[in-house]
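J.: Structure supplied as structure.pdb; contents: PDB, C-alpha atoms, pLDDT in the B column.
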```pdb
MODEL        1
ATOM      1  CA  MET N   1      83.954  74.967 143.371  1.00 64.00           C
ATOM      2  CA  LYS N   2      82.580  73.925 139.993  1.00 64.00           C
ATOM      3  CA  LYS N   3      82.406  77.585 138.960  1.00 63.00           C
ATOM      4  CA  VAL N   4      86.079  78.103 139.787  1.00 55.00           C
ATOM      5  CA  HIS N   5      87.080  74.974 137.856  1.00 53.00           C
ATOM      6  CA  TYR N   6      84.924  76.051 134.905  1.00 53.00           C
ATOM      7  CA  LEU N   7      86.407  79.577 135.002  1.00 49.00           C
ATOM      8  CA  ILE N   8      89.989  78.271 135.071  1.00 63.00           C
ATOM      9  CA  THR N   9      89.252  75.942 132.154  1.00 60.00           C
ATOM     10  CA  LEU N  10      87.650  78.768 130.172  1.00 54.00           C
ATOM     11  CA  ILE N  11      90.568  81.146 130.795  1.00 63.00           C
ATOM     12  CA  SER N  12      93.097  78.443 129.887  1.00 56.00           C
ATOM     13  CA  ALA N  13      91.276  77.646 126.652  1.00 55.00           C
ATOM     14  CA  THR N  14      91.046  81.329 125.768  1.00 55.00           C
ATOM     15  CA  LEU N  15      94.736  81.912 126.400  1.00 51.00           C
ATOM     16  CA  PHE N  16      95.667  78.802 124.443  1.00 52.00           C
ATOM     17  CA  GLY N  17      93.564  79.984 121.500  1.00 52.00           C
ATOM     18  CA  CYS N  18      95.034  83.478 121.455  1.00 51.00           C
ATOM     19  CA  ASN N  19      98.050  84.244 119.347  1.00 48.00           C
ATOM     20  CA  PHE N  20     100.206  86.736 121.210  1.00 49.00           C
ATOM     21  CA  ASN N  21     102.545  87.082 118.209  1.00 47.00           C
ATOM     22  CA  GLY N  22     100.011  89.161 116.323  1.00 48.00           C
ATOM     23  CA  ASN N  23      99.841  86.467 113.630  1.00 49.00           C
ATOM     24  CA  ASN N  24     103.520  87.008 112.856  1.00 52.00           C
ATOM     25  CA  ASP N  25     103.845  83.556 111.337  1.00 76.00           C
ATOM     26  CA  ASN N  26     101.189  84.068 108.677  1.00 92.00           C
ATOM     27  CA  LEU N  27     102.293  83.933 105.063  1.00 96.00           C
ATOM     28  CA  SER N  28     100.204  85.037 102.123  1.00 97.00           C
ATOM     29  CA  ILE N  29     101.489  85.112  98.550  1.00 97.00           C
ATOM     30  CA  GLY N  30      99.519  86.167  95.495  1.00 97.00           C
ATOM     31  CA  VAL N  31     100.636  86.061  91.870  1.00 97.00           C
ATOM     32  CA  LYS N  32      98.702  87.301  88.861  1.00 97.00           C
ATOM     33  CA  SER N  33      99.928  86.977  85.297  1.00 96.00           C
ATOM     34  CA  THR N  34      97.936  88.506  82.438  1.00 96.00           C
ATOM     35  CA  ASP N  35      98.574  89.615  78.868  1.00 95.00           C
ATOM     36  CA  ALA N  36      99.194  93.122  80.213  1.00 96.00           C
ATOM     37  CA  GLY N  37     101.617  92.280  82.992  1.00 96.00           C
ATOM     38  CA  TYR N  38     102.581  90.443  86.134  1.00 97.00           C
ATOM     39  CA  SER N  39     101.902  91.233  89.771  1.00 98.00           C
ATOM     40  CA  PHE N  40     103.292  89.687  92.930  1.00 98.00           C
ATOM     41  CA  GLU N  41     102.094  90.369  96.466  1.00 98.00           C
ATOM     42  CA  ALA N  42     103.341  88.849  99.692  1.00 98.00           C
ATOM     43  CA  SER N  43     102.513  89.406 103.315  1.00 98.00           C
ATOM     44  CA  TYR N  44     104.910  87.635 105.643  1.00 98.00           C
ATOM     45  CA  PRO N  45     106.400  87.742 109.153  1.00 97.00           C
ATOM     46  CA  GLU N  46     108.358  90.976 109.648  1.00 96.00           C
ATOM     47  CA  LYS N  47     111.303  88.932 110.924  1.00 96.00           C
ATOM     48  CA  LYS N  48     111.826  87.684 107.332  1.00 96.00           C
ATOM     49  CA  THR N  49     112.111  91.195 105.867  1.00 96.00           C
ATOM     50  CA  GLU N  50     115.901  91.262 106.090  1.00 95.00           C
ATOM     51  CA  LYS N  51     116.154  87.995 104.113  1.00 96.00           C
ATOM     52  CA  VAL N  52     113.768  89.286 101.436  1.00 96.00           C
ATOM     53  CA  VAL N  53     115.665  92.568 101.049  1.00 94.00           C
ATOM     54  CA  ALA N  54     119.027  90.750 100.936  1.00 94.00           C
ATOM     55  CA  TYR N  55     117.714  88.412  98.228  1.00 95.00           C
ATOM     56  CA  LEU N  56     116.361  91.303  96.143  1.00 94.00           C
ATOM     57  CA  GLU N  57     119.605  93.272  96.438  1.00 91.00           C
ATOM     58  CA  LYS N  58     121.657  90.194  95.501  1.00 93.00           C
ATOM     59  CA  THR N  59     119.409  89.395  92.539  1.00 92.00           C
ATOM     60  CA  LEU N  60     119.374  92.957  91.239  1.00 87.00           C
ATOM     61  CA  GLY N  61     123.157  93.249  91.487  1.00 83.00           C
ATOM     62  CA  ASP N  62     124.384  96.817  91.099  1.00 70.00           C
ATOM     63  CA  ASP N  63     120.894  98.277  91.259  1.00 69.00           C
ATOM     64  CA  LYS N  64     120.457  99.165  94.931  1.00 80.00           C
ATOM     65  CA  ILE N  65     116.865  99.883  95.866  1.00 87.00           C
ATOM     66  CA  PHE N  66     116.930  99.690  99.660  1.00 88.00           C
ATOM     67  CA  THR N  67     119.153 101.663 102.012  1.00 86.00           C
ATOM     68  CA  ALA N  68     118.047  99.449 104.921  1.00 86.00           C
ATOM     69  CA  PRO N  69     115.783  96.403 105.352  1.00 83.00           C
ATOM     70  CA  SER N  70     113.263  98.600 107.160  1.00 88.00           C
ATOM     71  CA  ASP N  71     112.916 100.973 104.188  1.00 88.00           C
ATOM     72  CA  ILE N  72     109.374 101.724 103.113  1.00 93.00           C
ATOM     73  CA  LYS N  73     109.052 101.981  99.341  1.00 93.00           C
ATOM     74  CA  ASP N  74     106.165 103.121  97.173  1.00 95.00           C
ATOM     75  CA  GLU N  75     107.658 104.011  93.820  1.00 95.00           C
ATOM     76  CA  GLU N  76     108.356 103.190  90.208  1.00 94.00           C
ATOM     77  CA  VAL N  77     111.735 101.472  89.882  1.00 92.00           C
ATOM     78  CA  ALA N  78     113.888 101.674  86.751  1.00 90.00           C
ATOM     79  CA  LEU N  79     116.912  99.388  86.742  1.00 88.00           C
ATOM     80  CA  GLY N  80     120.111  99.875  84.763  1.00 84.00           C
ATOM     81  CA  ASP N  81     119.133  97.163  82.276  1.00 84.00           C
ATOM     82  CA  SER N  82     115.869  98.994  81.405  1.00 87.00           C
ATOM     83  CA  VAL N  83     113.611  96.865  83.610  1.00 90.00           C
ATOM     84  CA  LYS N  84     110.793  99.032  84.974  1.00 94.00           C
ATOM     85  CA  PHE N  85     108.319  98.023  87.667  1.00 96.00           C
ATOM     86  CA  TYR N  86     106.308  99.434  90.556  1.00 97.00           C
ATOM     87  CA  LEU N  87     107.470  98.464  94.040  1.00 96.00           C
ATOM     88  CA  LYS N  88     105.590  98.933  97.272  1.00 97.00           C
ATOM     89  CA  SER N  89     107.239  97.455 100.331  1.00 96.00           C
ATOM     90  CA  SER N  90     107.370  97.758 104.070  1.00 96.00           C
ATOM     91  CA  PRO N  91     108.537  95.326 106.737  1.00 96.00           C
ATOM     92  CA  GLY N  92     106.384  92.222 106.286  1.00 97.00           C
ATOM     93  CA  ASN N  93     104.856  93.233 102.938  1.00 97.00           C
ATOM     94  CA  ILE N  94     105.899  93.538  99.315  1.00 97.00           C
ATOM     95  CA  GLU N  95     104.034  94.298  96.089  1.00 98.00           C
ATOM     96  CA  ILE N  96     105.588  94.237  92.624  1.00 97.00           C
ATOM     97  CA  ASP N  97     103.652  95.270  89.537  1.00 98.00           C
ATOM     98  CA  PHE N  98     105.214  94.845  86.111  1.00 96.00           C
ATOM     99  CA  LYS N  99     103.708  96.122  82.846  1.00 96.00           C
ATOM    100  CA  LYS N 100     104.730  94.201  79.723  1.00 94.00           C
ATOM    101  CA  GLN N 101     104.235  97.212  77.447  1.00 94.00           C
ATOM    102  CA  HIS N 102     107.101  99.053  79.188  1.00 90.00           C
ATOM    103  CA  ASN N 103     109.525  96.112  79.214  1.00 95.00           C
ATOM    104  CA  SER N 104     111.130  93.445  77.054  1.00 95.00           C
ATOM    105  CA  GLU N 105     110.428  89.714  77.218  1.00 95.00           C
ATOM    106  CA  ALA N 106     113.842  89.212  78.858  1.00 94.00           C
ATOM    107  CA  SER N 107     112.888  91.765  81.530  1.00 94.00           C
ATOM    108  CA  TYR N 108     109.635  89.912  82.127  1.00 95.00           C
ATOM    109  CA  VAL N 109     111.451  86.601  82.607  1.00 95.00           C
ATOM    110  CA  LYS N 110     113.963  88.249  84.955  1.00 93.00           C
ATOM    111  CA  LEU N 111     111.223  89.734  87.109  1.00 95.00           C
ATOM    112  CA  VAL N 112     109.154  86.529  87.237  1.00 96.00           C
ATOM    113  CA  ASN N 113     112.239  84.567  88.310  1.00 97.00           C
ATOM    114  CA  MET N 114     113.027  87.198  90.947  1.00 96.00           C
ATOM    115  CA  CYS N 115     109.497  86.901  92.367  1.00 97.00           C
ATOM    116  CA  LYS N 116     109.768  83.104  92.397  1.00 98.00           C
ATOM    117  CA  GLY N 117     112.986  83.522  94.367  1.00 98.00           C
ATOM    118  CA  VAL N 118     111.261  85.777  96.902  1.00 97.00           C
ATOM    119  CA  LYS N 119     108.622  83.078  97.301  1.00 97.00           C
ATOM    120  CA  GLU N 120     111.348  80.504  98.026  1.00 97.00           C
ATOM    121  CA  VAL N 121     113.020  82.811 100.556  1.00 97.00           C
ATOM    122  CA  LEU N 122     109.715  83.106 102.416  1.00 96.00           C
ATOM    123  CA  LYS N 123     109.074  79.342 102.678  1.00 90.00           C
TER     124      LYS N 123
ENDMDL
END
```
Taking this structure as input, can you express it in the form of structure tokens?

T.:
Amino acid sequence: MKKVHYLITLISATLFGCNFNGNNDNLSIGVKSTDAGYSFEASYPEKKTEKVVAYLEKTLGDDKIFTAPSDIKDEEVALGDSVKFYLKSSPGNIEIDFKKQHNSEASYVKLVNMCKGVKEVLK
């Protein structure tokens, strides 16, 4: 009888400790600013992808990058106002890499503010 009670307790504790969501609620954001550029990386729950894409599209205005929230991107992006950056994204992940030598100070400020906005959307 003690073995059965012990086994039930062990199974219950194991199930309680498991995360059946696949860690879908984890959020990781990394920002690196150097003399050469700025990089932003975020790993977030896939369910927030639509909000991130909507924010980026709204912020970028006429420059449409995504055809759908589920788009997978791995490319250099050049916006109409001469902002250039590398974008790698998939549902639940985004990376933005911006080189100062290819952009103006105003472009840098615009991109940093956009990344700060993405961070707020993910909170």

J.: Smallest atom-to-atom distance to N:Ser43: which of N:Val112, N:Ile72, N:Val83, N:Leu122, using all atoms listed in the file?

T.: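 Smallest distance to N:Ser43 is found for N:Leu122.
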
J.: Would you list the contacts of N:Thr67 as a compact mmCIF listing (two decimals) with C-alpha atoms, keeping the file's coordinate frame, taking every protein, DNA or RNA residue within 12 Å and counting only C-alpha atoms, but skipping same-chain residues closer than 4 positions in sequence?

T.:
```txt
# COMPACT_ATOMS: atom_id res chain seq x y z
CA GLU N 50 115.90 91.26 106.09
CA VAL N 53 115.66 92.57 101.05
CA ALA N 54 119.03 90.75 100.94
CA GLU N 57 119.60 93.27 96.44
CA ASP N 63 120.89 98.28 91.26
CA ASP N 71 112.92 100.97 104.19
CA ILE N 72 109.37 101.72 103.11
CA LYS N 73 109.05 101.98 99.34
```

J.: Write out as a list in words which residues come within 8 Å of N:Lys84 when counting only C-alpha atoms, dropping same-chain ones fewer than 3 positions away.

T.: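 Contacts, in chain order: Glu76, Val77, Ala78, Leu79, Phe98, Lys99, His102 and Asn103 of chain N.
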
J.: Only C-alpha atoms, please: the residues just picked out, written as a PDB file, keeping the file's coordinate frame.

T.:
```
ATOM      1  CA  GLU N  76     108.356 103.190  90.208  1.00 94.00           C
ATOM      2  CA  VAL N  77     111.735 101.472  89.882  1.00 92.00           C
ATOM      3  CA  ALA N  78     113.888 101.674  86.751  1.00 90.00           C
ATOM      4  CA  LEU N  79     116.912  99.388  86.742  1.00 88.00           C
ATOM      5  CA  PHE N  98     105.214  94.845  86.111  1.00 96.00           C
ATOM      6  CA  LYS N  99     103.708  96.122  82.846  1.00 96.00           C
ATOM      7  CA  HIS N 102     107.101  99.053  79.188  1.00 90.00           C
ATOM      8  CA  ASN N 103     109.525  96.112  79.214  1.00 95.00           C
TER       9      ASN N 103
END
```

J.: So which residues fall inside 9 Å of (104.4, 92.8, 95.1) if we count all atoms listed in the file? Mind giving them as a PyMOL selection string?

T.: chain N and resi 29-31+39-42+86-89+93-97+115

J.: Run through the PyMOL selection byres ((chain N and resi 27) around 7) on the given coordinates and return the selected residues as a ChimeraX atom specification.

T.: /N:25-26,28-29,43-45

J.: Can you spit out the residues from that selection as a PDB file, keeping the file's coordinate frame, using C-alpha atoms?

T.:
```
ATOM      1  CA  ASP N  25     103.845  83.556 111.337  1.00 76.00           C
ATOM      2  CA  ASN N  26     101.189  84.068 108.677  1.00 92.00           C
ATOM      3  CA  SER N  28     100.204  85.037 102.123  1.00 97.00           C
ATOM      4  CA  ILE N  29     101.489  85.112  98.550  1.00 97.00           C
ATOM      5  CA  SER N  43     102.513  89.406 103.315  1.00 98.00           C
ATOM      6  CA  TYR N  44     104.910  87.635 105.643  1.00 98.00           C
ATOM      7  CA  PRO N  45     106.400  87.742 109.153  1.00 97.00           C
TER       8      PRO N  45
END
```

J.: Residues at most 7 Å from N:Val52, counting only C-alpha atoms, excluding those fewer than 3 positions away in the same chain, as a CSV table (one decimal) with C-alpha atoms, keeping the file's coordinate frame?

T.:
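Ended up saving to result11.csv:
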```
chain,number,residue,atom,x,y,z
N,48,LYS,CA,111.8,87.7,107.3
N,49,THR,CA,112.1,91.2,105.9
N,55,TYR,CA,117.7,88.4,98.2
N,56,LEU,CA,116.4,91.3,96.1
N,118,VAL,CA,111.3,85.8,96.9
N,121,VAL,CA,113.0,82.8,100.6
```

J.: If I take atom CA of N:Gly92 and atom CA of N:Gly61, how far is one from the other in Å, to one decimal?

T.: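 Atom-to-atom, atom CA of N:Gly92 and atom CA of N:Gly61 are spaced 22.4 Å apart.
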
J.: Between atom CA of N:Gly37 and atom CA of N:Ser90, measure the distance and give it in Å to one decimal.

T.: 22.5 Å

J.: Between atom CA of N:Ile65 and atom CA of N:Thr34, measure the distance and give it in Å to one decimal.

T.: 25.8 Å

J.: Taking into account only C-alpha atoms, which residue in the set N:Ser70, N:Lys51, N:Thr59, N:Ala36 is nearest to N:Asn113?

T.: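 Using only C-alpha atoms, N:Asn113 sits closest to N:Thr59.
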
J.: Put a box with edges along x, y and z around all the listed atoms of stretch 49-53 of chain N, pad it by 3 Å on each side, then give me its centre and sizes in Å, one decimal, as AutoDock Vina command-line options.

T.:
```
--center_x 114.1 --center_y 90.3 --center_z 103.6 --size_x 10.0 --size_y 10.6 --size_z 11.0
```

J.: Which residues come within 8 Å of N:Lys100, counting all atoms listed in the file, excluding same-chain residues fewer than 4 positions away, as a PyMOL selection string?

T.: chain N and resi 35-38+104-105+108

J.: What would the file look like if the residues just selected were written as a tab-separated table (two decimals), in the coordinates of the input with C-alpha atoms?

T.:
```tsv
chain	number	residue	atom	x	y	z
N	35	ASP	CA	98.57	89.62	78.87
N	36	ALA	CA	99.19	93.12	80.21
N	37	GLY	CA	101.62	92.28	82.99
N	38	TYR	CA	102.58	90.44	86.13
N	104	SER	CA	111.13	93.44	77.05
N	105	GLU	CA	110.43	89.71	77.22
N	108	TYR	CA	109.64	89.91	82.13
```
